[in-house]
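One structure is given below, encoded as structure tokens.
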Amino acid sequence: MEYAQLNIEGTEALQITTHGNVVWDANNFCSAEALTRDGKAEQFRVVPLLATEPPSFDPITQTCIRDGCKQVAGQWQYNWRIDDLSSEQIEANQSSYIANLLATYVNALTNHLDSIAQSRNYDNRITCSVRAAYPGPYQAEGIAFGSWMDTVNQLGYQMVADYQAGLIPLPTVEEMIASLPAMVWPGQ
């Protein structure tokens, strides 16, 4: 439980505490819960706070901070403030967002490739595609897989590039994977 100590008028918080001891006056250094238990909460204008979720905001262009508390329908709760970020911070956030987005899609492609290779008992995409270089019973599978893997990577990276260019809406990872061609193994 969180608590606020209100000003003398009872209109705004002087301090907010979640836990630990707080100096309420020269003789009272204790937690807000202790004041409540001892019946002194009213004397020190300590009220319980309803912990509320922050409002929705755009984390690329805005920041949301807890800014004191306010009374709503007789219950004290957090007050949230949304501030616009500087153009430099927005640019940094956009770059970070795109880098994280790209990493998510690259990881999904890698996992998909590994999964398909593992369906044929290869350790991963690398051990499957490397078979293309060695004559033997698995060379045809390695060649087919390597060719398919290049196509899948090209299509996946193109989707991300098309999104970045504003040409398509961002597909979900699942939609991207579902749109890729299926692997056709030799002899199928």
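Ordered as shown in the structure tokens, chains take letters A, B, and onward, while each chain numbers its residues from 1 and ligands are numbered from 1 in the order shown.
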Which of range 49-175 of chain A DSSP labels strand (DSSP E or B), written as a PyMOL selection string: chain A and resi 49-50+62-72+75-84
Could you give me the residues within range 61-176 of chain A that DSSP places in alpha helix (DSSP H), as a VMD selection string? chain A and resid 87 to 118 125 to 129 139 to 164 173 to 176
For Ile116 in chain A, find every residue with an atom within 10 Å (counting only C-alpha atoms), except residues of its own chain fewer than 6 positions away, and show them as a ChimeraX atom specification. /A:122,124-125,128,145,149,182-183
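Considering only C-alpha atoms, the residue among A:Ile143, A:Phe44, A:Ala73, A:Glu12 positioned nearest to Asp25 in chain A is A:Phe44.
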Kindly indicate which residue among A:Asn7, A:Asn93, A:Gln158, A:Ser31 lies nearest to Pro171 in chain A, using only C-alpha atoms for the distances.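 That would be A:Gln158, the residue with the smallest distance to Pro171 in chain A.
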What separation in Å, quoted to one decimal, exists between CA of Ser115 in chain A and CA of Ile177 in chain A? 11.9 Å
